[in-house]
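One file, protein.pdb, carrying PDB, C-alpha atoms and all ligand atoms:
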ATOM      1  CA  MET X 565      52.552 250.018 154.666  1.00  0.00           C
ATOM      2  CA  GLU X 566      52.208 249.304 150.938  1.00  0.00           C
ATOM      3  CA  ILE X 567      49.425 251.118 149.130  1.00  0.00           C
ATOM      4  CA  SER X 568      47.878 249.730 145.978  1.00  0.00           C
ATOM      5  CA  VAL X 569      45.364 251.642 143.932  1.00  0.00           C
ATOM      6  CA  LYS X 570      43.307 249.899 141.232  1.00  0.00           C
ATOM      7  CA  ASN X 571      40.880 251.379 138.710  1.00  0.00           C
ATOM      8  CA  LEU X 572      40.423 254.535 140.747  1.00  0.00           C
ATOM      9  CA  GLU X 573      37.965 257.025 139.302  1.00  0.00           C
ATOM     10  CA  LYS X 574      36.873 260.143 141.114  1.00  0.00           C
ATOM     11  CA  TYR X 575      34.297 262.648 139.895  1.00  0.00           C
ATOM     12  CA  TYR X 576      33.141 266.033 141.146  1.00  0.00           C
ATOM     13  CA  SER X 577      29.722 266.535 139.567  1.00  0.00           C
ATOM     14  CA  GLU X 578      30.215 265.372 135.993  1.00  0.00           C
ATOM     15  CA  LYS X 579      33.898 266.180 135.847  1.00  0.00           C
ATOM     16  CA  GLN X 580      36.435 263.362 136.168  1.00  0.00           C
ATOM     17  CA  ILE X 581      39.196 264.347 138.591  1.00  0.00           C
ATOM     18  CA  LEU X 582      41.139 261.080 138.916  1.00  0.00           C
ATOM     19  CA  ASP X 583      41.608 258.169 136.515  1.00  0.00           C
ATOM     20  CA  ILE X 584      44.267 255.768 137.805  1.00  0.00           C
ATOM     21  CA  GLU X 585      44.334 252.194 136.551  1.00  0.00           C
ATOM     22  CA  ASP X 586      47.133 250.771 138.617  1.00  0.00           C
ATOM     23  CA  LEU X 587      49.455 252.425 141.106  1.00  0.00           C
ATOM     24  CA  VAL X 588      51.621 251.025 143.897  1.00  0.00           C
ATOM     25  CA  ILE X 589      53.250 253.106 146.604  1.00  0.00           C
ATOM     26  CA  GLU X 590      56.141 251.074 147.915  1.00  0.00           C
ATOM     27  CA  LYS X 591      56.396 250.125 151.542  1.00  0.00           C
ATOM     28  CA  GLY X 592      59.166 251.774 153.539  1.00  0.00           C
ATOM     29  CA  LYS X 593      60.019 254.262 150.790  1.00  0.00           C
ATOM     30  CA  ILE X 594      59.529 257.994 150.370  1.00  0.00           C
ATOM     31  CA  THR X 595      57.426 258.626 147.267  1.00  0.00           C
ATOM     32  CA  GLY X 596      56.966 262.105 145.842  1.00  0.00           C
ATOM     33  CA  LEU X 597      53.698 263.150 144.209  1.00  0.00           C
ATOM     34  CA  ILE X 598      54.186 266.002 141.773  1.00  0.00           C
ATOM     35  CA  GLY X 599      52.054 267.706 139.144  1.00  0.00           C
ATOM     36  CA  PRO X 600      50.401 271.021 138.277  1.00  0.00           C
ATOM     37  CA  ASN X 601      47.781 272.837 140.377  1.00  0.00           C
ATOM     38  CA  GLY X 602      44.443 271.118 140.126  1.00  0.00           C
ATOM     39  CA  SER X 603      45.863 267.809 138.826  1.00  0.00           C
ATOM     40  CA  GLY X 604      44.270 265.849 141.686  1.00  0.00           C
ATOM     41  CA  LYS X 605      47.129 265.396 144.182  1.00  0.00           C
ATOM     42  CA  SER X 606      45.222 266.475 147.307  1.00  0.00           C
ATOM     43  CA  THR X 607      42.157 264.550 146.130  1.00  0.00           C
ATOM     44  CA  LEU X 608      44.265 261.374 145.830  1.00  0.00           C
ATOM     45  CA  LEU X 609      45.783 261.934 149.293  1.00  0.00           C
ATOM     46  CA  ASN X 610      42.345 262.402 150.835  1.00  0.00           C
ATOM     47  CA  ILE X 611      41.144 259.159 149.265  1.00  0.00           C
ATOM     48  CA  ILE X 612      44.205 257.216 150.458  1.00  0.00           C
ATOM     49  CA  ALA X 613      43.749 258.732 153.940  1.00  0.00           C
ATOM     50  CA  GLY X 614      40.238 257.310 154.003  1.00  0.00           C
ATOM     51  CA  LEU X 615      38.671 260.757 154.380  1.00  0.00           C
ATOM     52  CA  ASP X 616      36.963 260.690 150.984  1.00  0.00           C
ATOM     53  CA  LYS X 617      34.985 257.514 150.277  1.00  0.00           C
ATOM     54  CA  ASP X 618      33.117 258.803 147.265  1.00  0.00           C
ATOM     55  CA  PHE X 619      35.096 257.108 144.462  1.00  0.00           C
ATOM     56  CA  TYR X 620      35.109 254.064 142.188  1.00  0.00           C
ATOM     57  CA  GLY X 621      37.885 251.486 142.432  1.00  0.00           C
ATOM     58  CA  VAL X 622      39.892 249.804 145.169  1.00  0.00           C
ATOM     59  CA  VAL X 623      42.586 251.065 147.531  1.00  0.00           C
ATOM     60  CA  LYS X 624      44.428 248.476 149.604  1.00  0.00           C
ATOM     61  CA  TYR X 625      46.850 248.793 152.499  1.00  0.00           C
ATOM     62  CA  ASP X 626      49.246 245.838 152.770  1.00  0.00           C
ATOM     63  CA  GLY X 627      46.616 243.918 150.820  1.00  0.00           C
ATOM     64  CA  GLU X 628      43.732 244.874 153.113  1.00  0.00           C
ATOM     65  CA  LEU X 629      40.783 247.166 152.642  1.00  0.00           C
ATOM     66  CA  ILE X 630      40.618 250.132 154.977  1.00  0.00           C
ATOM     67  CA  ASN X 631      39.747 249.287 158.579  1.00  0.00           C
ATOM     68  CA  LYS X 632      40.136 250.678 162.094  1.00  0.00           C
ATOM     69  CA  SER X 633      43.676 249.478 162.607  1.00  0.00           C
ATOM     70  CA  ILE X 634      44.784 251.053 159.307  1.00  0.00           C
ATOM     71  CA  TYR X 635      43.187 254.378 160.266  1.00  0.00           C
ATOM     72  CA  LYS X 636      45.068 254.215 163.561  1.00  0.00           C
ATOM     73  CA  ASN X 637      48.394 253.702 161.790  1.00  0.00           C
ATOM     74  CA  MET X 638      48.280 256.494 159.245  1.00  0.00           C
ATOM     75  CA  THR X 639      48.006 260.235 159.207  1.00  0.00           C
ATOM     76  CA  LEU X 640      47.542 263.039 156.692  1.00  0.00           C
ATOM     77  CA  VAL X 641      49.224 266.389 157.167  1.00  0.00           C
ATOM     78  CA  PHE X 642      46.969 268.879 155.368  1.00  0.00           C
ATOM     79  CA  GLN X 643      48.059 271.664 153.088  1.00  0.00           C
ATOM     80  CA  LYS X 644      46.442 274.048 155.615  1.00  0.00           C
ATOM     81  CA  PRO X 645      47.320 273.135 159.202  1.00  0.00           C
ATOM     82  CA  TYR X 646      44.522 272.640 161.710  1.00  0.00           C
ATOM     83  CA  LEU X 647      45.557 272.908 165.346  1.00  0.00           C
ATOM     84  CA  PHE X 648      43.480 273.042 168.532  1.00  0.00           C
ATOM     85  CA  LYS X 649      43.242 276.206 170.624  1.00  0.00           C
ATOM     86  CA  LYS X 650      45.521 274.650 173.186  1.00  0.00           C
ATOM     87  CA  LYS X 651      49.216 274.694 173.998  1.00  0.00           C
ATOM     88  CA  VAL X 652      51.583 273.477 171.268  1.00  0.00           C
ATOM     89  CA  SER X 653      52.778 270.642 173.546  1.00  0.00           C
ATOM     90  CA  GLU X 654      49.173 269.444 174.024  1.00  0.00           C
ATOM     91  CA  ASN X 655      48.579 269.556 170.287  1.00  0.00           C
ATOM     92  CA  ILE X 656      51.663 267.455 169.651  1.00  0.00           C
ATOM     93  CA  GLY X 657      50.725 264.943 172.368  1.00  0.00           C
ATOM     94  CA  TYR X 658      47.161 264.553 171.117  1.00  0.00           C
ATOM     95  CA  PRO X 659      47.693 261.577 168.744  1.00  0.00           C
ATOM     96  CA  LEU X 660      49.348 259.700 171.627  1.00  0.00           C
ATOM     97  CA  LYS X 661      46.498 260.550 174.020  1.00  0.00           C
ATOM     98  CA  LEU X 662      44.042 259.318 171.410  1.00  0.00           C
ATOM     99  CA  ARG X 663      45.955 256.030 171.260  1.00  0.00           C
ATOM    100  CA  LYS X 664      45.850 255.716 175.058  1.00  0.00           C
ATOM    101  CA  VAL X 665      49.613 256.030 175.608  1.00  0.00           C
ATOM    102  CA  ASP X 666      50.316 256.714 179.284  1.00  0.00           C
ATOM    103  CA  LYS X 667      50.889 260.256 180.494  1.00  0.00           C
ATOM    104  CA  GLU X 668      54.546 259.926 181.452  1.00  0.00           C
ATOM    105  CA  GLU X 669      55.406 258.346 178.102  1.00  0.00           C
ATOM    106  CA  ILE X 670      53.525 261.133 176.277  1.00  0.00           C
ATOM    107  CA  LYS X 671      55.560 263.736 178.139  1.00  0.00           C
ATOM    108  CA  ILE X 672      58.824 262.055 177.161  1.00  0.00           C
ATOM    109  CA  ARG X 673      57.920 261.612 173.505  1.00  0.00           C
ATOM    110  CA  VAL X 674      56.540 265.128 173.120  1.00  0.00           C
ATOM    111  CA  GLY X 675      59.704 266.535 174.731  1.00  0.00           C
ATOM    112  CA  GLU X 676      61.846 264.483 172.391  1.00  0.00           C
ATOM    113  CA  ILE X 677      60.088 265.588 169.215  1.00  0.00           C
ATOM    114  CA  ILE X 678      60.037 269.247 170.313  1.00  0.00           C
ATOM    115  CA  GLY X 679      63.806 268.956 170.732  1.00  0.00           C
ATOM    116  CA  ARG X 680      64.263 267.395 167.313  1.00  0.00           C
ATOM    117  CA  PHE X 681      62.205 270.115 165.659  1.00  0.00           C
ATOM    118  CA  GLU X 682      64.057 272.801 167.642  1.00  0.00           C
ATOM    119  CA  ILE X 683      60.778 274.424 168.719  1.00  0.00           C
ATOM    120  CA  GLU X 684      61.330 274.586 172.492  1.00  0.00           C
ATOM    121  CA  ASP X 685      60.382 278.284 172.422  1.00  0.00           C
ATOM    122  CA  LEU X 686      56.917 277.423 171.045  1.00  0.00           C
ATOM    123  CA  LYS X 687      55.917 274.613 173.361  1.00  0.00           C
ATOM    124  CA  ASP X 688      53.853 276.661 175.851  1.00  0.00           C
ATOM    125  CA  LYS X 689      52.331 278.966 173.253  1.00  0.00           C
ATOM    126  CA  LYS X 690      48.703 278.625 172.262  1.00  0.00           C
ATOM    127  CA  ALA X 691      48.692 276.922 168.885  1.00  0.00           C
ATOM    128  CA  HIS X 692      46.135 279.257 167.279  1.00  0.00           C
ATOM    129  CA  LEU X 693      48.483 282.188 167.896  1.00  0.00           C
ATOM    130  CA  LEU X 694      51.352 280.710 165.868  1.00  0.00           C
ATOM    131  CA  SER X 695      52.468 282.061 162.507  1.00  0.00           C
ATOM    132  CA  GLY X 696      51.704 280.043 159.366  1.00  0.00           C
ATOM    133  CA  GLY X 697      55.161 278.514 159.166  1.00  0.00           C
ATOM    134  CA  GLU X 698      55.289 277.745 162.893  1.00  0.00           C
ATOM    135  CA  SER X 699      51.933 275.963 162.621  1.00  0.00           C
ATOM    136  CA  GLN X 700      53.214 273.834 159.756  1.00  0.00           C
ATOM    137  CA  LYS X 701      56.212 272.761 161.829  1.00  0.00           C
ATOM    138  CA  VAL X 702      54.016 271.848 164.800  1.00  0.00           C
ATOM    139  CA  ASN X 703      51.674 270.041 162.440  1.00  0.00           C
ATOM    140  CA  LEU X 704      54.481 267.825 161.131  1.00  0.00           C
ATOM    141  CA  ALA X 705      55.815 267.194 164.653  1.00  0.00           C
ATOM    142  CA  ARG X 706      52.323 266.096 165.707  1.00  0.00           C
ATOM    143  CA  ALA X 707      52.120 263.689 162.765  1.00  0.00           C
ATOM    144  CA  LEU X 708      55.510 262.108 163.500  1.00  0.00           C
ATOM    145  CA  VAL X 709      55.083 261.749 167.261  1.00  0.00           C
ATOM    146  CA  PHE X 710      53.186 258.438 167.093  1.00  0.00           C
ATOM    147  CA  ASP X 711      55.408 256.746 164.465  1.00  0.00           C
ATOM    148  CA  PRO X 712      52.691 256.159 161.846  1.00  0.00           C
ATOM    149  CA  LYS X 713      53.162 253.320 159.358  1.00  0.00           C
ATOM    150  CA  LEU X 714      51.905 255.604 156.605  1.00  0.00           C
ATOM    151  CA  LEU X 715      52.597 259.335 156.529  1.00  0.00           C
ATOM    152  CA  LEU X 716      50.766 261.424 153.918  1.00  0.00           C
ATOM    153  CA  LEU X 717      52.133 264.945 153.492  1.00  0.00           C
ATOM    154  CA  ASP X 718      50.433 267.632 151.413  1.00  0.00           C
ATOM    155  CA  GLU X 719      53.012 270.353 150.665  1.00  0.00           C
ATOM    156  CA  PRO X 720      54.326 270.325 154.241  1.00  0.00           C
ATOM    157  CA  THR X 721      56.988 273.001 153.666  1.00  0.00           C
ATOM    158  CA  SER X 722      55.193 275.458 151.384  1.00  0.00           C
ATOM    159  CA  ASN X 723      55.471 278.485 153.756  1.00  0.00           C
ATOM    160  CA  ILE X 724      58.671 277.590 155.513  1.00  0.00           C
ATOM    161  CA  ASP X 725      61.982 279.455 155.784  1.00  0.00           C
ATOM    162  CA  PRO X 726      65.112 277.666 154.470  1.00  0.00           C
ATOM    163  CA  GLU X 727      66.529 276.853 157.912  1.00  0.00           C
ATOM    164  CA  SER X 728      63.253 275.292 159.059  1.00  0.00           C
ATOM    165  CA  ILE X 729      62.896 273.377 155.776  1.00  0.00           C
ATOM    166  CA  LYS X 730      66.237 271.743 156.567  1.00  0.00           C
ATOM    167  CA  ILE X 731      64.953 270.661 159.983  1.00  0.00           C
ATOM    168  CA  MET X 732      61.671 269.335 158.584  1.00  0.00           C
ATOM    169  CA  GLU X 733      63.357 267.418 155.766  1.00  0.00           C
ATOM    170  CA  ARG X 734      65.878 265.981 158.222  1.00  0.00           C
ATOM    171  CA  GLU X 735      63.047 264.772 160.470  1.00  0.00           C
ATOM    172  CA  ILE X 736      61.085 263.241 157.561  1.00  0.00           C
ATOM    173  CA  LEU X 737      64.226 261.353 156.489  1.00  0.00           C
ATOM    174  CA  ARG X 738      64.989 260.322 160.054  1.00  0.00           C
ATOM    175  CA  PHE X 739      61.418 259.072 160.527  1.00  0.00           C
ATOM    176  CA  ASN X 740      61.639 256.990 157.354  1.00  0.00           C
ATOM    177  CA  GLU X 741      65.053 255.556 158.190  1.00  0.00           C
ATOM    178  CA  GLU X 742      64.373 254.786 161.844  1.00  0.00           C
ATOM    179  CA  THR X 743      60.834 253.427 161.649  1.00  0.00           C
ATOM    180  CA  LYS X 744      60.681 252.320 157.984  1.00  0.00           C
ATOM    181  CA  GLY X 745      57.378 254.184 157.802  1.00  0.00           C
ATOM    182  CA  THR X 746      56.056 254.744 154.274  1.00  0.00           C
ATOM    183  CA  VAL X 747      55.853 258.376 153.162  1.00  0.00           C
ATOM    184  CA  LEU X 748      53.845 259.934 150.324  1.00  0.00           C
ATOM    185  CA  ILE X 749      54.663 263.617 149.928  1.00  0.00           C
ATOM    186  CA  VAL X 750      53.130 266.206 147.609  1.00  0.00           C
ATOM    187  CA  THR X 751      55.618 268.868 146.649  1.00  0.00           C
ATOM    188  CA  HIS X 752      56.058 271.503 143.956  1.00  0.00           C
ATOM    189  CA  ASN X 753      59.715 271.753 144.805  1.00  0.00           C
ATOM    190  CA  ILE X 754      61.785 269.561 142.482  1.00  0.00           C
ATOM    191  CA  GLU X 755      64.948 270.098 144.527  1.00  0.00           C
ATOM    192  CA  GLN X 756      63.089 268.909 147.617  1.00  0.00           C
ATOM    193  CA  SER X 757      61.836 265.814 145.818  1.00  0.00           C
ATOM    194  CA  LYS X 758      65.444 265.016 144.833  1.00  0.00           C
ATOM    195  CA  ARG X 759      66.593 265.410 148.446  1.00  0.00           C
ATOM    196  CA  LEU X 760      63.827 263.266 149.927  1.00  0.00           C
ATOM    197  CA  CYS X 761      62.274 260.850 147.484  1.00  0.00           C
ATOM    198  CA  ASP X 762      63.161 257.323 146.409  1.00  0.00           C
ATOM    199  CA  ASN X 763      60.375 257.339 143.802  1.00  0.00           C
ATOM    200  CA  LEU X 764      58.329 259.964 141.980  1.00  0.00           C
ATOM    201  CA  ILE X 765      54.768 259.862 140.692  1.00  0.00           C
ATOM    202  CA  TYR X 766      53.713 262.503 138.206  1.00  0.00           C
ATOM    203  CA  LEU X 767      50.025 263.363 138.092  1.00  0.00           C
ATOM    204  CA  ASP X 768      48.536 265.337 135.201  1.00  0.00           C
ATOM    205  CA  GLU X 769      44.803 265.951 134.862  1.00  0.00           C
ATOM    206  CA  GLY X 770      44.129 263.019 137.160  1.00  0.00           C
ATOM    207  CA  LYS X 771      46.275 260.538 135.243  1.00  0.00           C
ATOM    208  CA  VAL X 772      49.618 259.055 136.257  1.00  0.00           C
ATOM    209  CA  GLY X 773      52.495 259.759 133.865  1.00  0.00           C
ATOM    210  CA  PHE X 774      56.212 259.164 134.104  1.00  0.00           C
TER     211      PHE X 774
HETATM  212  N1  LIG P   1      35.161 269.779 146.867  1.00  0.00           N
HETATM  213  C1  LIG P   1      35.350 269.946 145.554  1.00  0.00           C
HETATM  214  N2  LIG P   1      34.308 270.145 144.724  1.00  0.00           N
HETATM  215  C2  LIG P   1      34.474 270.286 143.382  1.00  0.00           C
HETATM  216  N3  LIG P   1      35.673 270.265 142.780  1.00  0.00           N
HETATM  217  C3  LIG P   1      36.761 270.074 143.562  1.00  0.00           C
HETATM  218  C4  LIG P   1      36.660 269.911 144.987  1.00  0.00           C
HETATM  219  N4  LIG P   1      37.895 269.747 145.491  1.00  0.00           N
HETATM  220  C5  LIG P   1      38.730 269.801 144.435  1.00  0.00           C
HETATM  221  N5  LIG P   1      38.064 269.995 143.284  1.00  0.00           N
HETATM  222  C6  LIG P   1      38.633 270.067 141.929  1.00  0.00           C
HETATM  223  O1  LIG P   1      39.376 268.887 141.700  1.00  0.00           O
HETATM  224  C7  LIG P   1      40.565 269.155 140.964  1.00  0.00           C
HETATM  225  C8  LIG P   1      41.753 268.593 141.711  1.00  0.00           C
HETATM  226  O2  LIG P   1      41.937 269.318 142.935  1.00  0.00           O
HETATM  227  P1  LIG P   1      43.103 268.997 143.953  1.00  0.00           P
HETATM  228  O3  LIG P   1      42.893 269.840 145.149  1.00  0.00           O
HETATM  229  O4  LIG P   1      43.175 267.527 144.143  1.00  0.00           O
HETATM  230  O5  LIG P   1      44.383 269.475 143.116  1.00  0.00           O
HETATM  231  P2  LIG P   1      45.920 269.535 143.544  1.00  0.00           P
HETATM  232  O6  LIG P   1      46.659 268.723 142.530  1.00  0.00           O
HETATM  233  O7  LIG P   1      46.055 269.176 144.967  1.00  0.00           O
HETATM  234  O8  LIG P   1      46.276 271.090 143.299  1.00  0.00           O
HETATM  235  P3  LIG P   1      47.272 272.094 144.102  1.00  0.00           P
HETATM  236  O9  LIG P   1      48.639 271.837 143.560  1.00  0.00           O
HETATM  237  O10 LIG P   1      46.763 273.435 143.711  1.00  0.00           O
HETATM  238  O11 LIG P   1      47.128 271.838 145.562  1.00  0.00           O
HETATM  239  C9  LIG P   1      40.598 270.653 140.754  1.00  0.00           C
HETATM  240  O12 LIG P   1      40.133 270.924 139.466  1.00  0.00           O
HETATM  241  C10 LIG P   1      39.622 271.200 141.798  1.00  0.00           C
HETATM  242  O13 LIG P   1      39.010 272.365 141.341  1.00  0.00           O
HETATM  243 MG    MG P   2      46.616 270.266 146.655  1.00  0.00          MG
END
Could I get this file's structure written as structure tokens?
Ligand SMILES: Nc1ncnc2c1ncn2[C@@H]1O[C@H](COP(=O)(O)OP(=O)(O)OP(=O)(O)O)[C@@H](O)[C@H]1O
Ligand SMILES: [Mg+2]
Amino acid sequence: MEISVKNLEKYYSEKQILDIEDLVIEKGKITGLIGPNGSGKSTLLNIIAGLDKDFYGVVKYDGELINKSIYKNMTLVFQKPYLFKKKVSENIGYPLKLRKVDKEEIKIRVGEIIGRFEIEDLKDKKAHLLSGGESQKVNLARALVFDPKLLLLDEPTSNIDPESIKIMEREILRFNEETKGTVLIVTHNIEQSKRLCDNLIYLDEGKVGF
């Protein structure tokens, strides 16, 4: 999915948080979003995800304004994971259940992604009992399970050990290569952006720089 942002202005009270004249996030690529704390990265992600509608300007998805089918084909992985008080495997299968995929197929796809993420030991645990890093892994697995056309990631590996970062980066790359899904990832880790990203956007005080 290609994202185009035009004349985007976002305010909290009187304060301008975003001021973006023209920005395109290329289809099928992995784009990194970098910039200091408070520069507006999460705010921009929330707007693109359609969760924040309180802004001026236009955001288009393959040339269309946001609609039900676009919502269905994208997902945002939050900076702070939110999982249900249910088994990990049920959490991961949830986006498929929501999209009315049949039960047998859900079982197969959840099993497959649990294998890829090497989290077999977590699958029967209650998700609210996981550690911070474990939750982030499950959160990413849940986002990838339904092959979204647009994947928005807000610092997905901020609390993760090096071995698990390797697995998560491998799965993000695999997702992008295999499905050609578009990825927009916020990261403070320059090395990570070099490993993953085709393009970089630098945000500073709500403005795009290069
Ligand atoms: N709900 C809110 N009400 C008022 N101000 C907000 C709100 N959410 C964010 N802000 C402000 O908007 C600015 C941008 O915040 P945002 O969370 O987008 O930054 P960020 O680039 O994601 O930072 P970080 O790297 O720390 O995650 C900050 O100055 C923040 O204080
Ligand atoms: Mg943020």
For the PyMOL selection byres (((not hetatm)) within 10 of (chain P and resi 2)), applied here, can you spell out every residue it catches as an MDAnalysis selection string? chainID X and resid 598:610 642:644 718:719 750:752
Compile the contact shell of Glu698 (chain X) as an mmCIF file with C-alpha atoms, keeping the file's coordinate frame: residues with an atom at most 12 Å away, counting all atoms listed in the file, same-chain residues fewer than 4 positions apart removed.
data_model
loop_
_atom_site.group_PDB
_atom_site.id
_atom_site.type_symbol
_atom_site.label_atom_id
_atom_site.label_comp_id
_atom_site.auth_asym_id
_atom_site.auth_seq_id
_atom_site.Cartn_x
_atom_site.Cartn_y
_atom_site.Cartn_z
ATOM 1 C CA PRO X 645 47.320 273.135 159.202
ATOM 2 C CA TYR X 646 44.522 272.640 161.710
ATOM 3 C CA LEU X 647 45.557 272.908 165.346
ATOM 4 C CA VAL X 652 51.583 273.477 171.268
ATOM 5 C CA PHE X 681 62.205 270.115 165.659
ATOM 6 C CA GLU X 682 64.057 272.801 167.642
ATOM 7 C CA ILE X 683 60.778 274.424 168.719
ATOM 8 C CA GLU X 684 61.330 274.586 172.492
ATOM 9 C CA ASP X 685 60.382 278.284 172.422
ATOM 10 C CA LEU X 686 56.917 277.423 171.045
ATOM 11 C CA LYS X 687 55.917 274.613 173.361
ATOM 12 C CA LYS X 689 52.331 278.966 173.253
ATOM 13 C CA LYS X 690 48.703 278.625 172.262
ATOM 14 C CA ALA X 691 48.692 276.922 168.885
ATOM 15 C CA HIS X 692 46.135 279.257 167.279
ATOM 16 C CA LEU X 693 48.483 282.188 167.896
ATOM 17 C CA LEU X 694 51.352 280.710 165.868
ATOM 18 C CA VAL X 702 54.016 271.848 164.800
ATOM 19 C CA ASN X 703 51.674 270.041 162.440
ATOM 20 C CA LEU X 704 54.481 267.825 161.131
ATOM 21 C CA ALA X 705 55.815 267.194 164.653
ATOM 22 C CA PRO X 720 54.326 270.325 154.241
ATOM 23 C CA THR X 721 56.988 273.001 153.666
ATOM 24 C CA SER X 722 55.193 275.458 151.384
ATOM 25 C CA ASN X 723 55.471 278.485 153.756
ATOM 26 C CA ILE X 724 58.671 277.590 155.513
ATOM 27 C CA ASP X 725 61.982 279.455 155.784
ATOM 28 C CA SER X 728 63.253 275.292 159.059
ATOM 29 C CA ILE X 729 62.896 273.377 155.776
ATOM 30 C CA MET X 732 61.671 269.335 158.584
#
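Going from CA of Thr743 (chain X) to atom O4 of ligand LIG 1 (chain P) covers 28.6 Å.
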Interatomic distance, CA of Val747 (chain X) to CA of Thr595 (chain X) (Å, one decimal): 6.1 Å
What residues come out when you apply the PyMOL selection byres (((chain X and resi 592) around 6) and not hetatm) to this file, written as a VMD selection string? chain X and resid 591 593 744 to 746
Under the PyMOL selection byres (((chain X and resi 571) around 8) and not hetatm), which residues of this model are included? Write them out as a ChimeraX atom specification. /X:569-570,572-573,583-586,620-622
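The spacing separating CA of Glu669 (chain X) from CA of Ile656 (chain X) amounts to 13.0 Å.
Proximity of X:Leu714, X:Ala707, X:Ile589, X:Leu760 to Pro659 (chain X), computed with only C-alpha atoms, is greatest for X:Ala707.
Using all atoms listed in the file, the shortest contact distance between ligand LIG 1 (chain P) and any of X:Thr639, X:Glu566, X:Leu629, X:Lys579 is found at X:Lys579.
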Size and centre in Å, one decimal, axis-aligned box, all listed region 702-717 of chain X atoms plus 6 Å per side, as JSON:
{"center_x": 53.3, "center_y": 262.6, "center_z": 160.4, "size_x": 17.0, "size_y": 30.5, "size_z": 25.8}
Nearest to ligand LIG 1 (chain P) among X:Asp618, X:Glu742, X:Asp666, X:Asp688, with distances taken over all atoms listed in the file: which residue is it? X:Asp618
Test item: residues at most 8 Å from Tyr766 (chain X), all atoms listed in the file, excluding those fewer than 2 positions along its chain, as a list in words: Leu597, Ile598, Gly599, Leu764, Asp768, Val772, Gly773 and Phe774 of chain X
Output C-alpha atoms for every residue in that selection, as an mmCIF file, in the coordinates of the input.
data_model
loop_
_atom_site.group_PDB
_atom_site.id
_atom_site.type_symbol
_atom_site.label_atom_id
_atom_site.label_comp_id
_atom_site.auth_asym_id
_atom_site.auth_seq_id
_atom_site.Cartn_x
_atom_site.Cartn_y
_atom_site.Cartn_z
ATOM 1 C CA LEU X 597 53.698 263.150 144.209
ATOM 2 C CA ILE X 598 54.186 266.002 141.773
ATOM 3 C CA GLY X 599 52.054 267.706 139.144
ATOM 4 C CA LEU X 764 58.329 259.964 141.980
ATOM 5 C CA ASP X 768 48.536 265.337 135.201
ATOM 6 C CA VAL X 772 49.618 259.055 136.257
ATOM 7 C CA GLY X 773 52.495 259.759 133.865
ATOM 8 C CA PHE X 774 56.212 259.164 134.104
#
Top pick for closest residue to Lys649 (chain X), considering X:Phe710, X:Ser568, X:Asn631, X:Ser699 and counting only C-alpha atoms: X:Ser699
